[in-house]
file final-v9.txt (compact mmCIF, C-alpha atoms)
# COMPACT_ATOMS: atom_id res chain seq x y z
CA MET A 1027 191.30 94.62 25.44
CA LYS A 1028 189.40 91.98 23.47
CA LYS A 1029 187.95 92.94 20.14
CA ILE A 1030 184.20 92.46 19.55
CA ASN A 1031 183.48 89.97 16.81
CA ILE A 1032 181.52 91.84 14.15
CA LEU A 1033 179.72 88.62 13.26
CA TYR A 1034 178.05 88.59 16.70
CA VAL A 1035 176.84 92.17 16.16
CA PHE A 1036 175.42 91.18 12.79
CA TRP A 1037 173.48 88.22 14.29
CA ILE A 1038 172.09 90.36 17.10
CA ILE A 1039 170.85 93.00 14.65
CA ALA A 1040 169.36 90.30 12.43
CA LEU A 1041 167.58 88.72 15.42
CA ILE A 1042 166.11 92.09 16.46
CA LEU A 1043 164.88 92.75 12.90
CA PHE A 1044 163.39 89.25 12.74
CA ILE A 1045 161.50 89.72 16.01
CA TRP A 1046 160.26 93.15 14.89
CA LEU A 1047 159.06 91.78 11.54
CA MET A 1048 157.29 88.87 13.22
CA LEU A 1049 155.54 91.16 15.71
CA ASN A 1050 154.55 93.57 12.96
CA LEU A 1051 153.33 90.73 10.75
CA LYS A 1052 151.37 89.24 13.63
CA THR A 1053 149.74 92.60 14.28
CA GLN A 1054 148.79 92.97 10.62
CA VAL A 1055 147.47 89.42 10.39
CA THR A 1056 145.37 89.66 13.50
CA LYS A 1057 143.78 92.87 12.15
CA THR A 1058 142.74 91.22 8.87
CA ILE A 1059 139.69 88.97 8.78
CA PHE A 1060 137.52 87.43 6.09
CA GLY A 1061 133.96 88.23 5.16
CA THR A 1062 131.37 87.99 2.41
CA ALA A 1063 129.87 90.78 0.29
CA THR A 1064 126.10 90.78 0.68
CA THR A 1065 123.12 92.81 -0.46
CA GLN A 1066 120.70 94.56 1.86
CA VAL A 1067 117.10 93.48 1.58
CA TYR A 1068 114.60 96.35 1.78
CA SER A 1069 111.12 95.57 3.07
CA MET A 1070 108.61 98.24 2.10
CA ASN A 1071 105.57 98.92 4.31
CA VAL A 1072 103.34 101.79 5.43
CA GLU A 1073 102.48 103.30 8.81
CA TYR A 1074 98.72 103.27 8.29
CA ALA A 1075 96.22 100.79 6.99
CA THR A 1076 95.39 101.89 3.46
CA ILE A 1077 94.25 100.73 0.04
CA VAL A 1078 96.53 99.98 -2.92
CA ASN A 1079 95.38 102.28 -5.68
CA GLU A 1080 98.06 101.35 -8.22
CA CYS A 1081 100.96 98.88 -8.41
CA LYS A 1082 103.74 100.02 -10.75
CA VAL A 1083 106.12 97.01 -10.59
CA HIS A 1084 106.15 93.23 -10.75
CA GLN A 1085 108.42 90.52 -9.40
CA GLY A 1086 111.79 90.58 -11.16
CA ASP A 1087 111.56 94.20 -12.34
CA ARG A 1088 114.70 96.28 -12.09
CA VAL A 1089 114.14 99.69 -10.50
CA LYS A 1090 116.18 102.81 -9.83
CA LYS A 1091 116.30 104.74 -6.58
CA GLY A 1092 113.24 107.00 -6.32
CA ASP A 1093 111.07 105.06 -8.79
CA THR A 1094 107.42 104.81 -7.78
CA LEU A 1095 106.48 101.29 -6.68
CA LEU A 1096 102.99 101.72 -5.21
CA VAL A 1097 100.39 104.46 -5.14
CA LEU A 1098 98.19 104.14 -2.07
CA LEU A 1099 94.89 105.74 -1.13
CA ARG A 1100 93.46 107.07 2.14
CA GLY A 1101 90.05 108.63 1.60
CA GLU A 1102 89.82 110.11 5.11
CA MET A 1103 93.05 112.03 4.53
CA ASP A 1104 91.70 113.69 1.38
CA LYS A 1105 88.55 114.59 3.33
CA SER A 1106 90.64 116.05 6.16
CA ILE A 1107 92.60 118.19 3.69
CA SER A 1108 89.35 119.38 2.10
CA ASP A 1109 87.90 120.23 5.52
CA VAL A 1110 90.95 122.29 6.43
CA PHE A 1111 90.79 124.25 3.15
CA SER A 1112 87.10 124.90 3.79
CA MET A 1113 87.94 126.16 7.26
CA ILE A 1114 90.61 128.48 5.83
CA ASN A 1115 88.07 129.89 3.36
CA GLN A 1116 85.56 130.39 6.19
CA LEU A 1117 88.18 132.18 8.29
CA ASP A 1118 88.86 134.53 5.39
CA VAL A 1119 85.14 135.19 4.95
CA ASP A 1120 84.67 135.87 8.68
CA ARG A 1121 87.64 138.24 8.85
CA ASN A 1122 86.48 140.20 5.80
CA ALA A 1123 82.92 140.37 7.15
CA LYS A 1124 84.07 141.72 10.52
CA ASN A 1125 86.35 144.28 8.89
CA GLN A 1126 83.59 145.37 6.51
CA ILE A 1127 81.24 145.92 9.47
CA LEU A 1128 83.94 148.03 11.13
CA ASP A 1129 84.42 149.99 7.89
CA LYS A 1130 80.69 150.75 7.74
CA GLU A 1131 80.54 151.71 11.42
CA GLU A 1132 83.54 153.99 10.94
CA ALA A 1133 82.00 155.56 7.84
CA ILE A 1134 78.73 156.25 9.72
CA PHE A 1135 80.64 157.66 12.69
CA ASN A 1136 82.73 159.92 10.44
CA ALA A 1137 79.57 161.13 8.68
CA GLN A 1138 77.91 161.89 12.02
CA GLN A 1139 81.03 163.71 13.23
CA ALA A 1140 81.22 165.69 10.01
CA SER A 1141 77.56 166.65 10.39
CA LYS A 1142 78.11 167.81 13.98
CA ILE A 1143 81.23 169.74 13.00
CA SER A 1144 79.39 171.38 10.11
CA ALA A 1145 76.52 172.40 12.39
CA ILE A 1146 78.88 173.85 15.00
CA ASN A 1147 80.87 175.71 12.34
CA ALA A 1148 77.61 177.19 11.07
CA GLN A 1149 76.74 178.36 14.60
CA ILE A 1150 80.24 179.78 15.01
CA THR A 1151 79.88 181.74 11.76
CA ILE A 1152 76.51 183.17 12.88
CA LEU A 1153 77.89 184.12 16.31
CA GLU A 1154 80.94 185.75 14.81
CA LYS A 1155 78.69 187.82 12.53
CA GLU A 1156 76.46 188.79 15.48
CA ILE A 1157 79.50 189.77 17.56
CA GLU A 1158 80.86 191.80 14.69
CA ILE A 1159 77.50 193.63 14.25
CA GLN A 1160 77.28 194.21 18.03
CA ASN A 1161 80.77 195.67 18.15
CA ASN A 1162 80.12 197.91 15.16
CA LEU A 1163 76.91 199.18 16.78
CA LEU A 1164 78.66 199.96 20.06
CA TYR A 1165 81.40 201.75 18.18
CA ALA A 1166 78.84 203.77 16.25
CA ILE A 1167 77.18 205.09 19.40
CA GLY A 1168 80.59 206.01 20.84
CA GLN A 1169 81.04 203.22 23.38
CA GLU A 1170 84.15 201.13 23.68
CA LYS A 1171 83.95 197.53 22.56
CA THR A 1172 82.96 195.15 25.29
CA LYS A 1173 85.73 192.78 26.33
CA PRO A 1174 85.23 189.22 24.99
CA THR A 1175 85.42 187.72 28.44
CA ASN A 1176 82.46 189.78 29.55
CA ASN A 1177 80.38 189.20 26.47
CA ILE A 1178 77.81 186.39 26.56
CA LYS A 1179 78.19 185.75 22.86
CA GLN A 1180 81.95 185.51 23.22
CA LEU A 1181 81.50 182.88 25.93
CA GLU A 1182 79.07 181.02 23.72
CA LEU A 1183 81.61 181.19 20.85
CA ALA A 1184 84.32 179.79 23.10
CA GLY A 1185 81.97 176.97 24.11
CA LEU A 1186 81.35 176.06 20.46
CA LYS A 1187 85.07 176.02 19.70
CA GLU A 1188 85.62 173.78 22.71
CA SER A 1189 82.92 171.44 21.32
CA LEU A 1190 84.84 171.31 18.04
CA GLU A 1191 88.01 170.36 19.91
CA GLN A 1192 86.15 167.64 21.82
CA LEU A 1193 84.76 166.28 18.54
CA ARG A 1194 88.29 166.23 17.08
CA ILE A 1195 89.62 164.29 20.10
CA GLN A 1196 86.64 161.93 19.99
CA SER A 1197 87.29 161.23 16.27
CA ILE A 1198 90.96 160.42 16.94
CA GLU A 1199 90.13 158.06 19.81
CA GLN A 1200 87.37 156.33 17.88
CA LYS A 1201 89.66 155.87 14.87
CA LYS A 1202 92.21 154.22 17.16
CA SER A 1203 89.47 151.94 18.48
CA TYR A 1204 88.46 150.87 14.98
CA ASN A 1205 92.10 150.22 14.02
CA THR A 1206 92.63 148.19 17.20
CA GLN A 1207 89.58 146.05 16.42
CA ARG A 1208 90.79 145.49 12.85
CA GLU A 1209 94.23 144.54 14.10
CA GLY A 1210 92.67 142.11 16.57
CA ASN A 1211 90.59 140.54 13.80
CA ASN A 1212 93.63 140.19 11.56
CA LYS A 1213 95.83 138.71 14.28
CA SER A 1214 93.15 136.23 15.26
CA TYR A 1215 92.78 135.28 11.59
CA GLU A 1216 96.54 134.88 11.11
CA ALA A 1217 96.90 132.73 14.25
CA ARG A 1218 94.09 130.39 13.23
CA LEU A 1219 95.35 130.40 9.63
CA ALA A 1220 98.83 129.36 10.79
CA THR A 1221 97.32 126.44 12.74
CA ASN A 1222 95.38 125.30 9.69
CA LYS A 1223 98.43 125.65 7.46
CA ASN A 1224 100.36 123.43 9.86
CA ASP A 1225 97.57 120.89 9.52
CA ILE A 1226 97.81 121.14 5.73
CA ASP A 1227 101.58 120.64 5.84
CA TYR A 1228 101.12 117.61 8.07
CA TYR A 1229 98.47 116.07 5.81
CA GLN A 1230 100.55 116.78 2.69
CA LEU A 1231 103.53 115.07 4.32
CA GLU A 1232 101.39 112.10 5.25
CA LYS A 1233 99.92 112.04 1.76
CA HIS A 1234 103.44 111.95 0.34
CA LYS A 1235 103.92 108.72 2.28
CA MET A 1236 101.11 107.26 0.22
CA ILE A 1237 103.59 106.99 -2.64
CA VAL A 1238 106.02 104.11 -2.00
CA VAL A 1239 109.33 104.64 -3.82
CA ALA A 1240 112.40 102.48 -4.34
CA PRO A 1241 115.06 103.14 -1.65
CA CYS A 1242 117.91 102.08 -3.96
CA ASP A 1243 118.80 100.68 -7.36
CA GLY A 1244 117.61 97.11 -7.11
CA ILE A 1245 115.52 94.20 -8.27
CA VAL A 1246 111.98 93.56 -7.06
CA ASP A 1247 112.20 90.30 -5.15
CA ASN A 1248 108.48 90.00 -4.46
CA VAL A 1249 105.21 91.96 -4.56
CA TYR A 1250 102.66 90.94 -1.95
CA VAL A 1251 99.70 93.15 -2.92
CA LEU A 1252 97.55 93.90 -5.96
CA PRO A 1253 95.53 97.00 -6.91
CA LYS A 1254 92.45 97.51 -4.70
CA ASP A 1255 93.95 95.29 -1.98
CA MET A 1256 93.94 96.45 1.62
CA ALA A 1257 97.48 97.23 2.79
CA PRO A 1258 97.63 96.54 6.54
CA GLN A 1259 99.69 98.69 8.88
CA TYR A 1260 103.43 97.78 8.87
CA LYS A 1261 102.86 94.63 6.81
CA GLU A 1262 105.44 93.93 4.10
CA LEU A 1263 104.14 95.06 0.71
CA ILE A 1264 107.19 94.81 -1.53
CA ARG A 1265 110.68 93.39 -1.06
CA ILE A 1266 113.66 94.74 -3.00
CA ASN A 1267 117.24 93.51 -3.22
CA SER A 1268 119.96 96.00 -4.10
CA VAL A 1269 121.71 95.31 -7.42
CA THR A 1270 125.23 95.57 -6.03
CA PRO A 1271 126.50 94.48 -2.61
CA ASN A 1272 126.35 97.31 -0.09
CA ARG A 1273 127.56 95.58 3.05
CA VAL A 1274 130.04 92.95 4.15
CA THR A 1275 129.48 90.38 6.87
CA GLY A 1276 132.79 89.48 8.45
CA PHE A 1277 133.77 86.96 11.11
CA ILE A 1278 136.31 87.33 13.93
CA HIS A 1279 137.53 83.90 15.03
CA GLU A 1280 136.82 83.17 18.69
CA SER A 1281 140.56 82.81 19.36
CA MET A 1282 141.31 86.29 18.07
CA ALA A 1283 141.02 89.53 20.04
CA ILE A 1284 140.69 92.45 17.65
CA PRO A 1285 139.74 95.77 19.23
CA PHE A 1286 137.31 97.92 17.22
CA GLN A 1287 134.49 100.39 17.70
CA LEU A 1288 131.34 101.11 15.75
CA GLY A 1289 132.13 103.77 13.19
CA ASP A 1290 135.71 102.60 12.61
CA SER A 1291 136.80 102.69 8.97
CA VAL A 1292 138.09 99.53 7.29
CA LEU A 1293 139.70 98.62 3.98
CA LEU A 1294 137.84 96.01 1.93
CA THR A 1295 139.73 94.02 -0.70
CA SER A 1296 138.61 91.18 -2.95
CA ALA A 1297 140.33 87.95 -1.90
CA ALA A 1298 140.52 86.76 -5.52
CA ARG A 1299 141.02 90.13 -7.22
CA GLN A 1300 143.52 92.09 -5.16
CA GLU A 1301 143.22 95.15 -7.39
CA ILE A 1302 139.55 95.64 -6.39
CA SER A 1303 139.12 97.46 -3.08
CA CYS A 1304 137.09 100.17 -1.35
CA LYS A 1305 136.58 101.67 2.07
CA GLY A 1306 133.85 100.75 4.51
CA MET A 1307 132.62 101.49 8.02
CA ILE A 1308 131.75 99.13 10.86
CA ILE A 1309 128.06 99.59 11.65
CA GLY A 1310 127.35 96.65 13.94
CA ASN A 1311 128.55 93.42 15.52
CA GLY A 1312 127.14 90.24 16.98
CA ASN A 1313 127.38 89.48 20.69
CA HIS A 1314 127.22 85.70 20.35
CA LEU A 1315 129.32 83.15 18.48
CA VAL A 1316 128.12 81.69 15.21
CA GLU A 1317 129.56 78.93 13.05
CA LEU A 1318 131.81 80.25 10.30
CA PRO A 1319 130.80 79.49 6.69
CA LEU A 1320 132.88 76.74 5.05
CA ARG A 1321 134.61 79.04 2.55
CA LEU A 1322 135.79 81.36 5.35
CA ARG A 1323 137.40 78.62 7.45
CA LYS A 1324 141.15 78.14 7.47
CA PHE A 1325 140.61 74.38 7.52
CA VAL A 1326 137.37 73.38 5.83
CA GLU A 1327 137.21 70.02 7.61
CA LEU A 1328 137.23 71.64 11.05
CA ARG A 1329 134.22 73.45 12.38
CA ALA A 1330 134.97 76.95 13.67
CA TRP A 1331 133.08 79.70 15.43
CA GLY A 1332 133.42 83.45 15.65
CA ARG A 1333 131.68 86.79 16.10
CA GLU A 1334 130.00 88.60 13.23
CA ILE A 1335 130.76 92.20 12.35
CA PHE A 1336 128.80 94.20 9.80
CA VAL A 1337 130.45 96.68 7.47
CA GLN A 1338 128.59 99.25 5.39
CA MET A 1339 130.06 100.28 2.04
CA ASN A 1340 129.06 102.48 -0.86
CA PRO A 1341 126.92 100.48 -3.33
CA ASP A 1342 129.01 102.00 -6.12
CA ASN A 1343 131.64 99.26 -5.93
CA ASN A 1344 132.97 96.47 -8.17
CA PHE A 1345 132.53 93.53 -5.81
CA TYR A 1346 130.38 90.56 -6.72
CA ILE A 1347 127.51 89.46 -4.52
CA ASP A 1348 128.75 86.75 -2.10
CA GLU A 1349 132.38 87.45 -3.06
CA LYS A 1350 135.03 86.64 -0.44
CA ILE A 1351 136.40 89.85 1.04
CA LEU A 1352 139.48 90.69 3.12
CA ILE A 1353 138.59 93.15 5.88
CA GLN A 1354 141.53 95.15 7.22
CA ILE A 1355 140.61 96.96 10.41
CA ASN A 1356 142.62 100.15 10.83

call {"tool": "encode", "arguments": {"input": "final-v9.txt", "output": "structure tokens"}}
result
Amino acid sequence: MKKINILYVFWIIALILFIWLMLNLKTQVTKTIFGTATTQVYSMNVEYATIVNECKVHQGDRVKKGDTLLVLLRGEMDKSISDVFSMINQLDVDRNAKNQILDKEEAIFNAQQASKISAINAQITILEKEIEIQNNLLYAIGQEKTKPTNNIKQLELAGLKESLEQLRIQSIEQKKSYNTQREGNNKSYEARLATNKNDIDYYQLEKHKMIVVAPCDGIVDNVYVLPKDMAPQYKELIRINSVTPNRVTGFIHESMAIPFQLGDSVLLTSAARQEISCKGMIIGNGNHLVELPLRLRKFVELRAWGREIFVQMNPDNNFYIDEKILIQIN
């Protein structure tokens, strides 16, 4: 049997490792592209035509996120809010007036019922005295007491007591009626009040939009309005540039096929400062080819084209604006 030359085994293993390294390197290279760190430009406008009441900033001012830039004015909105508050007050007055009328009607009814009950009780007392005298007289002359069912006065007494019971039932039913009417008044008030409160919330939200605030830490690039100017609907009023880059525009060469999806995470590294890096997320891409910037071309003398991809990153980073960035797609 011939012995296998160990040198051949070594060269085969080395060739396999070389091929694996080349494939792995090719995969890594094709998933790394170049881009440029850029700032997002914010264009501030309003949904409604309004008047500029106050302008808080000027061109070149540095602002922080949430700072007030413009205070706007819409007179018809203030009038609408005032009208709704007036309506709420009127609803309260109407409800109280209706309930007060019911209270008075109930008080009069209760007084009338009390008067009727008092009169009947007085009649009952008189009848009971008369019956007692009649019974005593019959007993005195030696006759047995007449049975109540056969006595006219006893029947009359029973009728009066029945009238008392009817008055009691009538009072209970009428009280229920008054309570039902009050409940109806209150529910109607609450329903209409809720509608008006929704209107107030809507107007307050819209009024809040009359204060234009800075969307980020940035520098005021331009102010297009002055106090007392008319601010047209959706017309640019102020433009702000973020202080630090918050997105990267990358380019995939037309000869490269790099699979990716919106929302994929990427690693961003400074081309000149390898120690500076952060994570980002792909938020968009171009569907047509554009010419690559000179500094992103492999050979500056040769024109090249590719597709744009847009990467969002946290503005709290250490990149410079327009810095060359390596984008590694995971």

call {"tool": "residues_around", "arguments": {"input": "final-v9.txt", "residues": "segment 1190-1193 of chain A", "least_positions_apart": "5", "cutoff": "10 Å", "atoms": "all atoms listed in the file", "output": "list in words"}}
result
Gln1139, Ala1140, Lys1142, Ile1143, Ser1144, Ile1146, Asn1147, Ala1184, Gly1185, Ile1198 and Glu1199 of chain A

call {"tool": "residues_around", "arguments": {"input": "final-v9.txt", "residues": "Tyr1215 of chain A", "least_positions_apart": "5", "cutoff": "9 Å", "atoms": "all atoms listed in the file", "output": "list in words"}}
result
Leu1117, Asp1118, Asp1120, Arg1121, Gly1210 and Ala1220 of chain A

call {"tool": "residues_around", "arguments": {"input": "final-v9.txt", "residues": "segment 1347-1355 of chain A", "least_positions_apart": "6", "cutoff": "7 Å", "atoms": "all atoms listed in the file", "output": "VMD selection string"}}
result
chain A and resid 1057 to 1065 1270 to 1271 1292 to 1297

call {"tool": "closest_residue", "arguments": {"input": "final-v9.txt", "among": "A:Lys1091, A:His1084, A:Lys1130, A:Arg1194", "to": "Val1239 of chain A", "atoms": "all atoms listed in the file"}}
result
A:Lys1091

call {"tool": "residues_near_point", "arguments": {"input": "final-v9.txt", "point": "(125.0, 87.0, 18.1)", "cutoff": "10 Å", "atoms": "all atoms listed in the file", "output": "PyMOL selection string"}}
result
chain A and resi 1311-1316+1332-1335

call {"tool": "write_last_selection", "arguments": {"input": "final-v9.txt", "atoms": "C-alpha atoms", "output": "PDB file, in the frame of the given file"}}
result
ATOM      1  CA  ASN A1311     128.550  93.420  15.520  1.00  0.00           C
ATOM      2  CA  GLY A1312     127.140  90.240  16.980  1.00  0.00           C
ATOM      3  CA  ASN A1313     127.380  89.480  20.690  1.00  0.00           C
ATOM      4  CA  HIS A1314     127.220  85.700  20.350  1.00  0.00           C
ATOM      5  CA  LEU A1315     129.320  83.150  18.480  1.00  0.00           C
ATOM      6  CA  VAL A1316     128.120  81.690  15.210  1.00  0.00           C
ATOM      7  CA  GLY A1332     133.420  83.450  15.650  1.00  0.00           C
ATOM      8  CA  ARG A1333     131.680  86.790  16.100  1.00  0.00           C
ATOM      9  CA  GLU A1334     130.000  88.600  13.230  1.00  0.00           C
ATOM     10  CA  ILE A1335     130.760  92.200  12.350  1.00  0.00           C
TER      11      ILE A1335
END

call {"tool": "axis_aligned_box", "arguments": {"input": "final-v9.txt", "around": "segment 1344-1351 of chain A", "padding_each_side": "8 Å", "output": "JSON"}}
result
{"center_x": 132.0, "center_y": 91.6, "center_z": -3.6, "size_x": 24.9, "size_y": 25.8, "size_z": 25.2}

call {"tool": "residues_near_point", "arguments": {"input": "final-v9.txt", "point": "(115.0, 93.1, -4.8)", "cutoff": "6 Å", "atoms": "all atoms listed in the file", "output": "list in words"}}
result
Gly1244, Ile1245, Val1246, Asp1247, Arg1265, Ile1266, Asn1267 and Ser1268 of chain A

call {"tool": "residues_around", "arguments": {"input": "final-v9.txt", "residues": "Lys1254 of chain A", "least_positions_apart": "4", "cutoff": "12 Å", "atoms": "only C-alpha atoms", "output": "PDB file with C-alpha atoms, in the coordinates of the input"}}
result
ATOM      1  CA  THR A1076      95.390 101.890   3.460  1.00  0.00           C
ATOM      2  CA  ILE A1077      94.250 100.730   0.040  1.00  0.00           C
ATOM      3  CA  VAL A1078      96.530  99.980  -2.920  1.00  0.00           C
ATOM      4  CA  ASN A1079      95.380 102.280  -5.680  1.00  0.00           C
ATOM      5  CA  GLU A1080      98.060 101.350  -8.220  1.00  0.00           C
ATOM      6  CA  CYS A1081     100.960  98.880  -8.410  1.00  0.00           C
ATOM      7  CA  LEU A1096     102.990 101.720  -5.210  1.00  0.00           C
ATOM      8  CA  VAL A1097     100.390 104.460  -5.140  1.00  0.00           C
ATOM      9  CA  LEU A1098      98.190 104.140  -2.070  1.00  0.00           C
ATOM     10  CA  LEU A1099      94.890 105.740  -1.130  1.00  0.00           C
ATOM     11  CA  ARG A1100      93.460 107.070   2.140  1.00  0.00           C
TER      12      ARG A1100
END
